[in-house]
There are 2 protein chains.
Amino acid sequence: VLPGTLLLEAAGRAGIILKTPCGGQGTCGKCLVHVTDGACRSERRPDGPLTAEAFDEGFRLACQSWVDGDVVVEIPDASRFESRQQILVDDTGEQGRLNTVIRKVAFQLDEPSSDDPRSDLTRLRDAVGPVDVPDTLLRRLSGFLRANGWSGTAVLADSRLIALESTDTTRTSLGVAFDVGTTTIVGTLFDLTTGRELGVASRMNAQVAYGDDVVSRIRQVREKPDALATLQESIRDDLNTLIGELVDRANASGDAVYETVLAGNATMQQILCGYDPSALGELPFVQVFEEARVLPAASLGLAVNPGAEAFVFPQVGGFVGGDTVAGMVAARLDQWEKPPLMVDIGTNGEIVLACDGKIEAASTAAGPAFEGARIRQGMRAAAGAIEKVIVNEEVSWNVIGNVRPAGLCGTALIDTVAGMLRTGLLDETGRIVGRDEVDGGVSEAILDRLVSDDGDTRFLLVPAEESATGEAIYLWQRDVRELQLAVGAIRAGISILLRRAGLEPDDLGGILLAGAFGNFIRRNNAVRIGLLPAVSCQRIRCVGNAASLGAKLALLSRDERAYAEELRQKTEHVDLSLDPAFQEEFGAAMLFPCGDAERCRDES
Amino acid sequence: VLPGTLLLEAAGRAGIILKTPCGGQGTCGKCLVHVTDGACRSERRPDGPLTAEAFDEGFRLACQSWVDGDVVVEIPDASRFESRQQILVDDTGEQGRLNTVIRKVAFQLDEPSSDDPRSDLTRLRDAVGPVDVPDTLLRRLSGFLRANGWSGTAVLADSRLIALESTDTTRTSLGVAFDVGTTTIVGTLFDLTTGRELGVASRMNAQVAYGDDVVSRIRQVREKPDALATLQESIRDDLNTLIGELVDRANASGDAVYETVLAGNATMQQILCGYDPSALGELPFVQVFEEARVLPAASLGLAVNPGAEAFVFPQVGGFVGGDTVAGMVAARLDQWEKPPLMVDIGTNGEIVLACDGKIEAASTAAGPAFEGARIRQGMRAAAGAIEKVIVNEEVSWNVIGNVRPAGLCGTALIDTVAGMLRTGLLDETGRIVGRDEVDGGVSEAILDRLVSDDGDTRFLLVPAEESATGEAIYLWQRDVRELQLAVGAIRAGISILLRRAGLEPDDLGGILLAGAFGNFIRRNNAVRIGLLPAVSCQRIRCVGNAASLGAKLALLSRDERAYAEELRQKTEHVDLSLDPAFQEEFGAAMLFPCGDAERCRDES
């Protein structure tokens with residue numbers, strides 16, 4: 001990661017999601033980690049949960065620590081959002097059953113004799129069960145058994161024989177669960193015999209070179225005949241690099257990986273399978289498949305055992321893909337007492353509401369404002385990006401990387417707008433008010449930051465002398481409009497799903513923020529700008545990389561795969577653009593809520 | 001075929017088996033054919049079933065006509081052992097159900113719309129049923145549907161989608177049934193939409209170049225690392241040549257062939273699948289598989305539709321392979337009122353007895369005597385071979401090809417020995433008696449043919465001046481011993497199966513002679529030499545190429561495949577060498593039966 005990255009975020013990028021019930025405010029102490037080598041920039045708050053002794057011993061709060069160089073961090077299981085031991089835990093807290101598709105059976109067959117002239121295949125089946133043997137393995141079977149003294153290990157995927165191994169290898173059985181994001185790919189290696197996680201690796205999706213978002217990648221496929229193959233190769237190479245890293249670190253080989261699970265959005269899943277995503281590039285956004293696919297991993301070009309299989313998550317429809325279904329699995333979305341709302345905020349937002357045994361899912365094009373694009377001085381959450389802004393008596397901010405600020409990323413945009421709303425610098429229509437329109441009680445220092453030209457006002461975040469470029473960094477009026485569009489799209493989707501279910505925000509059992517962005521967003525600010533309905537922040541949970549957790553569950557248990565399919569079948573895809581209320585809701589959501597709608601303020 | 005070949009045999013080699021209830025004696029008239037161009041050598045017997053008028057119009061008995069050159073023959077359906085129309089007829093004479101694995105569904109899908117955004121796969125499934133779509137086709141699906149106006153034809157094998165075609169091709173669906181013999185391969189092309197036979201083609205199995213019998217081909221595989229691949233390529237090329245011939249003649253293409261069925265002995269089936277047959281080359285003769293295999297035809301290298309499948313017949317065990325099971329299917333072996341005995345006579349003899357819902361099958365190594373090998377002046381049934389011998393007042397014979405005789409083939413060997421037994425020139429131990437030992441009533445001309453040297457007597461068949469080589473052709477004492485070994489092996493197997501079932505020959509509902517050799521053998525002579533038990537010739541039926549018929553049935557109906565599997569499961573493989581009575585039965589069978597055991601004499 002870049003210097004200056006929040007340790008919480010660095011962990012998240014490696015697939016390790018830490019507990020942050022307080023929303024990363026440094027107040028709950030759940031994200032406790034132990035820095036054993038190197039150093040993090042961090043200060044202990046005297047009123048915070050960390051004692052001075054613990055601090056001296058190297059314990060830190062990940063949400064209050066920034067990485068500036070190489071650092072070794074131990075993460076207590078208690079701090080993990082998903083504990084290694086607890087990955088197969090259902091919502092009642094009961095330990096789930098390790099029930100992998102892969103089963104290994106060591107066998108020692110009787111040698112054929114005149115009294116026992118069974119065929120080689122029958123002899124094997126009598127020992128390992130009624131397996132289907134593909135042609136490729138049956139061609140090897142006779143020679144294998146005779147060269148190997150009639151013993152060996154049969155590797156089964158359900159009832160399919162996928163490999164024959166000459167020694168007793170029953171203790172070696174690996175699998176990899178992948179969360180294939182548009183930007184980041186996370187792979188987690190598991191020992192399928194114990195269910196233990198052996199390692200996590202992640203990398204940038206190299207397809208970024210072909211466009212930041214799925215729309216531009218789909219466009220490539222539609223325009224260039226060989227683009228699908230190129231994009232598929234790109235993702236295959238990424239997956240193979242991660243597999244290589246993971247097995248190397250575990251002192252294993254790709255041959256020991258018999259099972260892979262892949263969860264991604266519809267575009268990513270189709271590209272990695274080699275299924276043409278072109279129809280996702282035009283109305284009415286048609287997917288190639290909905291039910292889960294089980295493919296030979298070899299047909300995806302994965303550097304795993306030649307007989308290994310790949311499970312690709314079921315998809316709901318439109319842009320609601322396998323990552324959303326995986327997230328629904330992780331969240332046990334249909335098992336809540338009160339209806340849960342799951343929201344994955346990104347260029348494309350996915351919104352899922354479960355209510356009365358039925359699930360409705362929608363996707364909505366929020367545009368790239370949350371990623372800092374189309375914001376005049378916006379940028380990605382990279383070195384130099386302001387990632388956090390606090391507006392009270394003065395403006396304070398945090399920058400990613402040990403550098404001067406160069407622009408602001410999505411979370412800072414939300415923070416700034418929320419802070420300006422609270423301070424009265426913005427009205428409900430999103431207009432930055434003139435200095436003379438501001439109510440009393442706002443500091444001079446803040447008022448001095450309002451700069452007006454030609455009737456348009458902007459808000460100074462960083463004076464020229466403090467910025468990386470020597471130019472001042474402002475929040476511009478147009479930036480607020482862009483954010484309003486993005487917020488409107490997400491919030492209109494939420495409102496329509498709630499309305500269809502006849503629910504008020506207060507009826508919700510909780511709001512689950514999934515995905516990377518949801519992990520770093522300040523919940524109170526998200527509510528303040530109206531991105532999320534006005535519920536208590538305690539009922540908003542960052543569930544981290546829920547898709548990754550769902551993929552892991554599907555790797556470790558057939559039951560989870562069946563559950564994924566069950567959830568998919570229960571889920572109706574709602575095309576928001578067809579809902580007569582969409583324009584109205586969108587318009588309403590473009591307006592920022594009144595201050596009294598904000599219940600989180602006291603918690604911030 | 002070679003000039004001089006019996007028309008009956010020529011038809012058989014082309015896969016057309018004619019009815020021969022009289023055993024080819026020219027008495028029943030069932031093998032009636034119409035020669036419309038060219039000429040056959042044939043004489044009408046005044047006391048035979050053919051009228052002079054019919055003879056003048058070109059009608060002939062195929063069992064009494066020899067081909068000398070190009071000839072065009074029409075074969076009435078009534079003369080066929082298996083009528084084209086009647087191929088799916090069960091033993092009650094009821095028309096069976098055409099129930100092929102292949103089903104074609106033409107579809108016109110609704111174009112996706114906002115109201116109907118189903119995935120491409122779901123849209124297809126909703127139209128054609130719940131099909132499994134392999135990765136290869138799902139990769140094409142989206143582009144196919146859009147390029148093709150959402151219409152096309154889905155080709156299904158059971159519930160698997162095997163091809164997508166752009167026009168309505170539901171009327172075009174071909175399949176080929178193969179009987180893969182050690183020496184000859186017969187392919188029959190069918191229209192799977194109607195069940196009609198479109199053509200038959202046959203050719204020598206080019207593997208003959210690697211050895212006449214399966215044992216020598218297995219030896220090659222055991223000794224040379226690449227022999228299996230070479231032999232598999234050889235058979236693949238033969239199959240593809242036949243497919244090419246068949247589809248060319250039908251003005252079709254290999255792409256229209258979606259299904260193939262293959263029936264052969266265990267060695268042939270394993271070689272064509274690429275499964276190592278080495279274990280069939282040593283005790284206890286272990287097969288690679290028993291249950292039927294359904295493979296991608298592409299993995300066998302067949303020049304058919306890329307998605308086509310190949311059904312390979314189930315095998316019983318040892319040398320009792322798929323051809324025997326196919327023959328059992330054709331003969332409805334478990335549905336007889338009185339127990340049937342099926343015998344396939346060849347280098348390797350297979351014997352099957354069905355009794356009381358149980359089936360026992362054995363194979364026995366008869367050696368190559370029936371093929372003319374190890375006979376001093378023996379030869380294959382090729383040009384110059386004496387194929388038929390009659391010993392009464394004089395010796396008369398028929399030669400294959402319009403040439404002088406050069407040696408004798410298996411059927412002639414049996415005829416000669418049977419005739420000598422009847423005439424008293426051979427005693428029951430198989431000794432050719434001296435001229436002075438012969439009882440009265442034998443003509444001088446016959447007695448003059450007994451030639452003794454050094455106490456060993458031989459029987460003159462062809463004087464030097466009439467033979468092709470200028471050397472006289474004899475039946476030698478050693479030839480009789482070779483025949484005794486071959487007969488003993490088959491007959492001991494029959495006796496043991498009868499004994500195990502507690503049956504006498506008279507309890508049998510019939511003896512079915514399967515295979516090419518069984519088609520040309522004189523049944524009375526086979527009984528006379530003790531190859532078959534002493535039952536009335538009317539109860540001995542030549543069933544022709546029963547394996548080919550079984551393969552055709554399995555091509556046309558799933559039910560027949562299920563029936564094949566049912567028969568396989570009912571069938572126990574009996575290892576004759578383990579039966580304590582084998583040596584005793586073998587010894588007894590080496591002795592020729594007494595004359596009074598022969599019930600067929602009057603029918604000959």
# chains A, B, ... in the order shown; residues from 1 in each chain; ligands from 1
call {"tool": "interface_residues", "arguments": {"of": "chain B", "to": "chain A", "cutoff": "7 Å", "atoms": "only C-alpha atoms", "output": "list in words"}}
result
Pro112, Ser113, Ser114, Pro117, Arg118, Ser119, Asp120, Leu121, Thr122, Asp135, Leu138, Arg139, Ser142, Gly274, Tyr275, Asp276, Pro284, Val286, Gln287, Val288, Phe289, Glu290 and Leu295 of chain B
call {"tool": "residues_around", "arguments": {"residues": "A:Gly530", "least_positions_apart": "4", "cutoff": "10 Å", "atoms": "only C-alpha atoms", "output": "list in words"}}
result
Ala418, Gln484, Val487, Gly488, Ile490, Arg491, Asn524, Asn525, Ala526, Ala534, Ala589, Met590, Leu591, Phe592, Pro593, Cys594, Ala597 and Glu598 of chain A
call {"tool": "write_last_selection", "arguments": {"atoms": "C-alpha atoms", "output": "PDB file, in the first residue's frame"}}
result
ATOM      1  CA  ALA A 418     -21.767  16.550   5.467  1.00  0.00           C
ATOM      2  CA  GLN A 484     -26.039  14.842  -5.431  1.00  0.00           C
ATOM      3  CA  VAL A 487     -26.361  10.049  -3.839  1.00  0.00           C
ATOM      4  CA  GLY A 488     -29.681  10.450  -5.597  1.00  0.00           C
ATOM      5  CA  ILE A 490     -28.354   5.142  -4.620  1.00  0.00           C
ATOM      6  CA  ARG A 491     -30.909   6.649  -2.323  1.00  0.00           C
ATOM      7  CA  ASN A 524     -22.942   9.482  10.206  1.00  0.00           C
ATOM      8  CA  ASN A 525     -21.851  11.475   7.192  1.00  0.00           C
ATOM      9  CA  ALA A 526     -23.492   9.032   4.811  1.00  0.00           C
ATOM     10  CA  ALA A 534     -32.006   8.173   8.696  1.00  0.00           C
ATOM     11  CA  ALA A 589     -33.058  12.127  -3.052  1.00  0.00           C
ATOM     12  CA  MET A 590     -31.136  14.882  -4.787  1.00  0.00           C
ATOM     13  CA  LEU A 591     -32.176  17.178  -1.979  1.00  0.00           C
ATOM     14  CA  PHE A 592     -30.127  16.859   1.171  1.00  0.00           C
ATOM     15  CA  PRO A 593     -32.106  15.927   4.296  1.00  0.00           C
ATOM     16  CA  CYS A 594     -32.959  18.517   6.921  1.00  0.00           C
ATOM     17  CA  ALA A 597     -33.126  13.785  10.131  1.00  0.00           C
ATOM     18  CA  GLU A 598     -29.654  13.051  11.349  1.00  0.00           C
TER      19      GLU A 598
END
call {"tool": "select_by_dssp", "arguments": {"residues": "stretch 212-382 of chain B", "states": "alpha helix (DSSP H)", "output": "VMD selection string"}}
result
chain B and resid 214 to 223 227 to 249 266 to 273 322 to 331
call {"tool": "residues_around", "arguments": {"residues": "stretch 42-46 of chain A", "least_positions_apart": "4", "cutoff": "7 Å", "atoms": "only C-alpha atoms", "output": "list of chain:residue names"}}
result
A:Leu50, A:Gln64, A:Ser65, A:Trp66
call {"tool": "write_last_selection", "arguments": {"atoms": "all heavy atoms", "output": "PDB file, in the first residue's frame"}}
result
ATOM      1  N   LEU A  50      -7.618   2.489  24.348  1.00  0.00           N
ATOM      2  CA  LEU A  50      -6.293   1.884  24.426  1.00  0.00           C
ATOM      3  C   LEU A  50      -5.545   2.425  25.647  1.00  0.00           C
ATOM      4  O   LEU A  50      -5.409   3.632  25.804  1.00  0.00           O
ATOM      5  CB  LEU A  50      -5.524   2.239  23.135  1.00  0.00           C
ATOM      6  CG  LEU A  50      -4.354   1.369  22.716  1.00  0.00           C
ATOM      7  CD1 LEU A  50      -4.795  -0.084  22.537  1.00  0.00           C
ATOM      8  CD2 LEU A  50      -3.768   1.900  21.412  1.00  0.00           C
ATOM      9  N   GLN A  64      -6.920   4.188  13.595  1.00  0.00           N
ATOM     10  CA  GLN A  64      -6.252   5.431  13.981  1.00  0.00           C
ATOM     11  C   GLN A  64      -4.759   5.357  13.706  1.00  0.00           C
ATOM     12  O   GLN A  64      -3.981   6.096  14.299  1.00  0.00           O
ATOM     13  CB  GLN A  64      -6.490   5.729  15.477  1.00  0.00           C
ATOM     14  CG  GLN A  64      -7.953   5.815  15.859  1.00  0.00           C
ATOM     15  CD  GLN A  64      -8.654   6.999  15.215  1.00  0.00           C
ATOM     16  OE1 GLN A  64      -8.095   8.076  15.086  1.00  0.00           O
ATOM     17  NE2 GLN A  64      -9.899   6.777  14.761  1.00  0.00           N
ATOM     18  N   SER A  65      -4.370   4.414  12.806  1.00  0.00           N
ATOM     19  CA  SER A  65      -2.944   4.235  12.541  1.00  0.00           C
ATOM     20  C   SER A  65      -2.706   4.289  11.043  1.00  0.00           C
ATOM     21  O   SER A  65      -3.462   3.694  10.260  1.00  0.00           O
ATOM     22  CB  SER A  65      -2.472   2.872  13.073  1.00  0.00           C
ATOM     23  OG  SER A  65      -2.801   2.749  14.446  1.00  0.00           O
ATOM     24  N   TRP A  66      -1.626   4.984  10.646  1.00  0.00           N
ATOM     25  CA  TRP A  66      -1.310   5.121   9.219  1.00  0.00           C
ATOM     26  C   TRP A  66       0.021   4.481   8.943  1.00  0.00           C
ATOM     27  O   TRP A  66       0.980   4.642   9.688  1.00  0.00           O
ATOM     28  CB  TRP A  66      -1.308   6.593   8.845  1.00  0.00           C
ATOM     29  CG  TRP A  66      -2.710   7.160   8.776  1.00  0.00           C
ATOM     30  CD1 TRP A  66      -3.477   7.272   7.660  1.00  0.00           C
ATOM     31  CD2 TRP A  66      -3.489   7.668   9.863  1.00  0.00           C
ATOM     32  NE1 TRP A  66      -4.698   7.796   7.966  1.00  0.00           N
ATOM     33  CE2 TRP A  66      -4.742   8.065   9.320  1.00  0.00           C
ATOM     34  CE3 TRP A  66      -3.284   7.816  11.245  1.00  0.00           C
ATOM     35  CZ2 TRP A  66      -5.763   8.591  10.080  1.00  0.00           C
ATOM     36  CZ3 TRP A  66      -4.304   8.338  12.007  1.00  0.00           C
ATOM     37  CH2 TRP A  66      -5.538   8.725  11.428  1.00  0.00           C
TER      38      TRP A  66
END
call {"tool": "residues_around", "arguments": {"residues": "stretch 506-513 of chain A", "least_positions_apart": "4", "cutoff": "10 Å", "atoms": "only C-alpha atoms", "output": "PyMOL selection string"}}
result
chain A and resi 327+331+333+336-345+351-355+498+502+517-521+523+532-546
